[in-house]
>>> print(open('query-v9.txt').read())   # compact mmCIF, C-alpha atoms and all ligand atoms
# COMPACT_ATOMS: atom_id res chain seq x y z
CA MET W 1 97.70 138.92 124.47
CA GLY W 2 98.69 141.40 127.29
CA ASN W 3 97.42 144.90 126.63
CA VAL W 4 96.60 144.34 122.98
CA VAL W 5 93.03 145.31 122.10
CA TYR W 6 90.94 142.51 120.63
CA PRO W 7 87.34 142.68 119.47
CA LYS W 8 85.08 140.94 121.97
CA HIS W 9 82.87 139.59 119.18
CA LEU W 10 84.41 138.77 115.79
CA GLY W 11 82.40 137.79 112.71
CA ILE W 12 83.88 135.95 109.74
CA ILE W 13 82.23 135.69 106.33
CA MET W 14 84.22 132.79 104.89
CA ASP W 15 84.12 133.66 101.20
CA GLY W 16 86.16 132.53 98.20
CA ASN W 17 86.25 128.74 98.63
CA GLY W 18 84.84 128.22 95.14
CA ARG W 19 87.26 130.61 93.45
CA TRP W 20 90.20 129.11 95.37
CA ALA W 21 89.31 125.69 93.96
CA LYS W 22 88.63 126.97 90.43
CA GLU W 23 92.01 128.66 90.23
CA LYS W 24 93.61 125.32 91.07
CA GLY W 25 91.47 123.46 88.51
CA LEU W 26 89.62 121.66 91.32
CA ASN W 27 85.94 121.01 91.99
CA ARG W 28 84.25 123.73 94.12
CA SER W 29 83.58 121.19 96.86
CA LEU W 30 87.31 120.74 97.42
CA GLY W 31 87.43 124.47 98.07
CA HIS W 32 84.93 124.00 100.90
CA LYS W 33 86.98 121.12 102.27
CA ALA W 34 90.09 123.33 102.24
CA GLY W 35 88.05 126.12 103.87
CA ALA W 36 86.90 123.78 106.63
CA ASP W 37 90.48 122.57 107.30
CA ASN W 38 91.62 126.18 107.49
CA LEU W 39 88.76 127.09 109.81
CA ILE W 40 89.73 124.46 112.38
CA LYS W 41 93.30 125.83 112.52
CA LEU W 42 92.11 129.43 112.64
CA LEU W 43 89.68 128.81 115.51
CA ASP W 44 92.35 126.95 117.47
CA TYR W 45 94.64 129.95 116.99
CA ILE W 46 91.93 132.42 118.05
CA TYR W 47 90.92 130.64 121.23
CA LYS W 48 94.55 129.88 122.23
CA ASN W 49 96.26 133.15 121.33
CA THR W 50 93.73 135.99 121.57
CA SER W 51 91.20 137.25 124.09
CA ILE W 52 88.33 137.21 121.52
CA LYS W 53 85.31 135.84 123.39
CA VAL W 54 82.71 135.28 120.68
CA VAL W 55 83.25 134.21 117.07
CA SER W 56 80.32 134.17 114.64
CA LEU W 57 80.76 132.32 111.36
CA TYR W 58 78.68 132.56 108.21
CA ALA W 59 78.65 128.88 107.23
CA PHE W 60 75.54 128.64 105.03
CA SER W 61 72.98 131.28 104.10
CA THR W 62 69.30 130.64 103.43
CA GLU W 63 70.12 131.58 99.81
CA ASN W 64 72.89 128.96 99.55
CA PHE W 65 70.17 126.28 99.13
CA LYS W 66 69.78 127.62 95.57
CA ARG W 67 73.22 126.27 94.66
CA ASP W 68 73.81 123.12 92.67
CA LYS W 69 72.48 120.07 94.55
CA ASN W 70 75.88 118.32 94.52
CA GLU W 71 77.50 121.30 96.20
CA VAL W 72 74.73 121.63 98.83
CA ASP W 73 74.90 117.88 99.57
CA TYR W 74 78.68 118.07 99.91
CA LEU W 75 78.46 121.02 102.31
CA MET W 76 75.85 119.24 104.47
CA LYS W 77 78.12 116.16 104.70
CA LEU W 78 81.05 118.42 105.55
CA PHE W 79 79.07 120.00 108.40
CA VAL W 80 78.23 116.60 109.86
CA THR W 81 81.90 115.51 109.74
CA LEU W 82 82.99 118.78 111.25
CA PHE W 83 80.50 118.78 114.09
CA ASN W 84 80.99 115.10 114.88
CA SER W 85 84.76 114.96 114.90
CA LYS W 86 86.78 117.92 113.69
CA LEU W 87 85.33 120.32 116.22
CA GLU W 88 87.01 118.23 118.92
CA SER W 89 89.75 120.87 119.19
CA ILE W 90 87.06 123.49 119.81
CA LYS W 91 85.64 121.40 122.61
CA LYS W 92 89.15 121.03 124.07
CA ASN W 93 89.47 124.80 124.05
CA ASN W 94 86.45 124.95 126.39
CA VAL W 95 84.29 126.76 123.82
CA LYS W 96 80.50 126.61 123.78
CA VAL W 97 79.04 126.04 120.31
CA VAL W 98 75.65 127.54 119.40
CA PHE W 99 73.80 127.87 116.10
CA SER W 100 71.83 130.64 114.44
CA GLY W 101 69.36 130.08 111.64
CA ARG W 102 66.23 128.19 110.71
CA ARG W 103 66.09 124.45 111.34
CA GLU W 104 63.63 123.84 108.50
CA ASN W 105 65.15 122.40 105.30
CA LEU W 106 68.25 121.10 107.09
CA PRO W 107 68.76 117.33 106.76
CA LYS W 108 68.08 115.23 109.85
CA ASN W 109 71.70 114.09 110.26
CA VAL W 110 72.88 117.72 110.24
CA LEU W 111 70.29 118.66 112.89
CA GLU W 112 71.34 115.71 115.05
CA ALA W 113 75.02 116.63 114.77
CA MET W 114 74.16 120.24 115.66
CA ASP W 115 72.13 119.17 118.71
CA LYS W 116 74.89 116.87 119.95
CA THR W 117 77.51 119.61 119.55
CA MET W 118 75.38 122.09 121.53
CA GLU W 119 74.71 119.51 124.24
CA ASP W 120 78.38 118.47 124.52
CA THR W 121 79.62 122.05 124.85
CA LYS W 122 76.85 123.76 126.81
CA TYR W 123 78.87 124.18 130.04
CA ASN W 124 82.04 125.46 128.32
CA THR W 125 83.19 128.88 129.47
CA ARG W 126 86.26 130.09 127.48
CA GLY W 127 84.15 131.54 124.68
CA ILE W 128 81.29 131.05 122.27
CA LEU W 129 81.32 129.86 118.68
CA ASN W 130 78.13 130.92 116.93
CA ILE W 131 77.66 129.09 113.64
CA CYS W 132 75.18 130.70 111.26
CA LEU W 133 73.69 127.83 109.28
CA ASN W 134 70.64 128.17 107.05
CA TYR W 135 70.84 131.74 108.25
CA GLY W 136 69.57 135.06 106.91
CA GLY W 137 69.72 138.32 108.87
CA ASP W 138 66.35 139.33 107.42
CA TYR W 139 64.73 136.06 108.55
CA GLU W 140 66.30 136.49 112.00
CA ILE W 141 64.47 139.82 112.33
CA VAL W 142 61.23 138.27 111.02
CA ASP W 143 61.53 135.37 113.48
CA MET W 144 62.34 137.72 116.39
CA THR W 145 59.29 139.83 115.55
CA LYS W 146 57.05 136.76 115.54
CA LYS W 147 58.38 135.62 118.94
CA ILE W 148 57.79 139.05 120.48
CA ALA W 149 54.33 139.42 118.89
CA LYS W 150 53.34 136.03 120.33
CA GLN W 151 54.40 137.10 123.84
CA VAL W 152 52.37 140.31 123.51
CA LEU W 153 49.32 138.46 122.18
CA GLU W 154 49.50 135.92 124.97
CA GLY W 155 49.62 138.73 127.53
CA ASN W 156 53.18 137.99 128.70
CA LEU W 157 54.74 141.22 127.46
CA LYS W 158 53.49 144.82 127.22
CA ILE W 159 54.24 146.76 124.04
CA GLU W 160 55.81 149.58 126.07
CA ASP W 161 58.18 147.06 127.66
CA ILE W 162 59.78 146.14 124.32
CA THR W 163 63.38 147.36 124.65
CA LYS W 164 66.65 146.65 122.87
CA GLU W 165 67.34 144.02 125.54
CA VAL W 166 64.02 142.29 124.74
CA VAL W 167 64.87 142.35 121.02
CA SER W 168 68.33 140.91 121.70
CA LYS W 169 66.92 138.11 123.88
CA ASN W 170 64.53 137.10 121.09
CA LEU W 171 67.14 136.87 118.33
CA TYR W 172 68.49 133.38 117.56
CA GLN W 173 71.21 133.93 120.18
CA ASP W 174 71.62 136.61 122.83
CA LEU W 175 75.18 137.72 122.02
CA PRO W 176 77.11 140.97 122.50
CA PRO W 177 77.13 143.24 119.41
CA LEU W 178 79.67 142.48 116.68
CA ASP W 179 82.78 144.64 117.00
CA PHE W 180 84.56 143.49 113.88
CA VAL W 181 83.57 141.57 110.75
CA ILE W 182 86.06 140.11 108.27
CA ARG W 183 84.90 139.06 104.81
CA THR W 184 87.58 137.27 102.84
CA SER W 185 88.06 137.13 99.06
CA GLY W 186 87.79 140.85 98.31
CA GLU W 187 83.98 141.03 98.00
CA LYS W 188 82.72 144.13 99.77
CA ARG W 189 79.20 143.17 100.86
CA ILE W 190 77.64 141.97 104.09
CA SER W 191 75.15 139.64 102.37
CA ASN W 192 72.55 139.48 105.13
CA PHE W 193 75.07 138.53 107.86
CA MET W 194 73.89 139.49 111.37
CA ILE W 195 72.50 142.83 110.21
CA TYR W 196 71.00 143.78 113.58
CA GLN W 197 74.10 142.84 115.60
CA SER W 198 76.54 144.63 113.27
CA SER W 199 75.07 148.13 113.52
CA TYR W 200 78.37 149.57 114.82
CA ALA W 201 80.78 146.91 113.60
CA GLU W 202 84.05 147.72 111.88
CA TYR W 203 84.73 145.82 108.64
CA ASP W 204 87.76 144.46 106.87
CA PHE W 205 87.72 143.00 103.36
CA PRO W 206 91.04 141.22 102.73
CA ASP W 207 91.60 139.91 99.17
CA THR W 208 92.71 136.45 100.36
CA TYR W 209 90.37 133.52 99.66
CA PHE W 210 89.17 131.84 102.86
CA PRO W 211 91.19 128.57 102.49
CA ASP W 212 94.38 130.71 102.51
CA PHE W 213 93.26 133.05 105.30
CA ASP W 214 95.67 131.88 108.02
CA SER W 215 96.58 133.24 111.45
CA LYS W 216 99.03 135.71 109.87
CA CYS W 217 96.24 137.15 107.68
CA LEU W 218 93.98 137.31 110.74
CA GLU W 219 96.62 139.25 112.68
CA GLU W 220 96.87 141.73 109.78
CA SER W 221 93.10 142.24 109.87
CA LEU W 222 93.21 142.66 113.66
CA ASP W 223 95.92 145.32 113.21
CA ASN W 224 93.56 147.16 110.86
CA TYR W 225 90.82 146.94 113.50
CA ARG W 226 93.12 148.48 116.12
CA LYS W 227 93.73 151.48 113.88
CA ARG W 228 90.02 152.30 113.72
CA ASP W 229 88.60 155.14 115.78
CA ARG W 230 85.34 153.73 117.14
CA ARG W 231 83.07 156.58 118.16
CA PHE W 232 79.62 154.95 118.21
CA GLY W 233 78.03 158.15 116.92
CA ASN W 234 79.87 160.38 119.38
CA VAL W 235 82.38 163.14 118.68
CA LYS W 236 85.80 163.05 120.31
C1 LIG W 301 81.58 130.78 100.52
O1 LIG W 301 82.46 130.51 99.47
C2 LIG W 301 81.58 129.71 101.49
C3 LIG W 301 80.52 128.90 101.81
C4 LIG W 301 79.20 129.03 101.19
C5 LIG W 301 80.67 127.81 102.78
C6 LIG W 301 81.59 128.06 103.97
C7 LIG W 301 81.79 126.79 104.65
C8 LIG W 301 82.95 126.33 105.14
C9 LIG W 301 84.24 127.08 105.17
C10 LIG W 301 82.92 124.97 105.72
C11 LIG W 301 83.01 124.82 107.18
C12 LIG W 301 82.22 125.74 108.00
C13 LIG W 301 81.58 125.48 109.18
C14 LIG W 301 81.28 126.58 110.11
C15 LIG W 301 81.12 124.17 109.62
P1 LIG W 301 81.87 130.48 98.00
O2 LIG W 301 81.48 129.08 97.69
O3 LIG W 301 80.79 131.50 97.88
O4 LIG W 301 83.11 130.88 97.16
P2 LIG W 301 83.09 131.72 95.80
O5 LIG W 301 82.51 133.06 96.15
O6 LIG W 301 84.54 131.80 95.43
O7 LIG W 301 82.27 130.94 94.82
>>> encode(input="query-v9.txt", output="structure tokens")
Amino acid sequence: MGNVVYPKHLGIIMDGNGRWAKEKGLNRSLGHKAGADNLIKLLDYIYKNTSIKVVSLYAFSTENFKRDKNEVDYLMKLFVTLFNSKLESIKKNNVKVVFSGRRENLPKNVLEAMDKTMEDTKYNTRGILNICLNYGGDYEIVDMTKKIAKQVLEGNLKIEDITKEVVSKNLYQDLPPLDFVIRTSGEKRISNFMIYQSSYAEYDFPDTYFPDFDSKCLEESLDNYRKRDRRFGNVK
């Protein structure tokens, strides 16, 4: 860890589970299972071996509800299992778990598992794990706008007092900006992932499918991040 530079806030778009399974002649759902097993190991590595403070994960987009019902049902069950038991190692690492996204449309057992996970980890201090579930960056901006408009209408906020800080506080979570976003599987899109928070993020698009994206792959991506010259609009 020493003097090595790490992003403070890392985003991961966990893509390629379906293709990983297909190439092995397996059902897509088994790709998600393999992705989830990999995720647990990867998070344990991150919180034990790096100084990364915040990790944001794209677990399920608002658009993912359009997928085949069997696949959606499988993913929802996987989330419940993960939150109820597999995230134990995250809790041991003293990490606070929060969620971003809309609660509507999520099954009751998923919402309960989410609430319990937040409650169980709310005093943890090592870092934050932000799980984007039923999430769309466009909806996050819509929902933030509604919250701010309501405060103005109710006389609790003046229009001239709307600052970047106010915007940030009214997003799903008030987190530092994303420094680095990794999207696995070779697709080069951001697909509505934290569009406000990633305005100055660096990106890496490794070809590896998410189930195979291990700590060695992560270190390679982090090496790429360290080579970037982050100027935030300034000249050097
Ligand atoms: C994208 O792969 C992946 C998803 C839609 C689900 C990601 C979920 C997990 C890894 C499970 C555990 C996660 C958490 C945070 C609880 P894809 O299906 O789009 O793959 P493809 O592009 O190859 O079809």
>>> residues_near_ligand(input="query-v9.txt", ligand="ligand LIG 301 (chain W)", cutoff="9 Å", atoms="only C-alpha atoms and all ligand atoms", output="PyMOL selection string")
chain W and resi 13-22+28-29+31-40+56-61+64+71-72+75-76+78-83+87+130-133+185+187+209-211
>>> atom_distance(input="query-v9.txt", atom1="CA of Glu119 (chain W)", atom2="CA of Gly101 (chain W)")
17.3 Å
>>> closest_residue(input="query-v9.txt", among="W:Leu43, W:Ile182, W:Val110, W:Ala149", to="Glu220 (chain W)", atoms="all atoms listed in the file")
W:Ile182
>>> atom_distance(input="query-v9.txt", atom1="CA of Val54 (chain W)", atom2="CA of Asn109 (chain W)")
26.1 Å
>>> closest_residue(input="query-v9.txt", among="W:Tyr123, W:Tyr225, W:Phe213, W:Tyr196", to="Val181 (chain W)", atoms="only C-alpha atoms")
W:Tyr225
>>> residues_around(input="query-v9.txt", residues="Arg228 (chain W)", least_positions_apart="4", cutoff="10 Å", atoms="only C-alpha atoms", output="list in words")
Glu202, Tyr203, Asp223 and Asn224 of chain W
>>> write_last_selection(input="query-v9.txt", atoms="C-alpha atoms", output="PDB file, in the coordinates of the input")
ATOM      1  CA  GLU W 202      84.050 147.720 111.880  1.00  0.00           C
ATOM      2  CA  TYR W 203      84.730 145.820 108.640  1.00  0.00           C
ATOM      3  CA  ASP W 223      95.920 145.320 113.210  1.00  0.00           C
ATOM      4  CA  ASN W 224      93.560 147.160 110.860  1.00  0.00           C
TER       5      ASN W 224
END
>>> atom_distance(input="query-v9.txt", atom1="CA of Phe193 (chain W)", atom2="CA of His9 (chain W)")
13.8 Å
>>> residues_around(input="query-v9.txt", residues="Pro206 (chain W)", least_positions_apart="2", cutoff="8 Å", atoms="all atoms listed in the file", output="tab-separated table (two decimals) with C-alpha atoms, keeping the file's coordinate frame")
chain	number	residue	atom	x	y	z
W	182	ILE	CA	86.06	140.11	108.27
W	183	ARG	CA	84.90	139.06	104.81
W	184	THR	CA	87.58	137.27	102.84
W	185	SER	CA	88.06	137.13	99.06
W	186	GLY	CA	87.79	140.85	98.31
W	204	ASP	CA	87.76	144.46	106.87
W	208	THR	CA	92.71	136.45	100.36
W	221	SER	CA	93.10	142.24	109.87
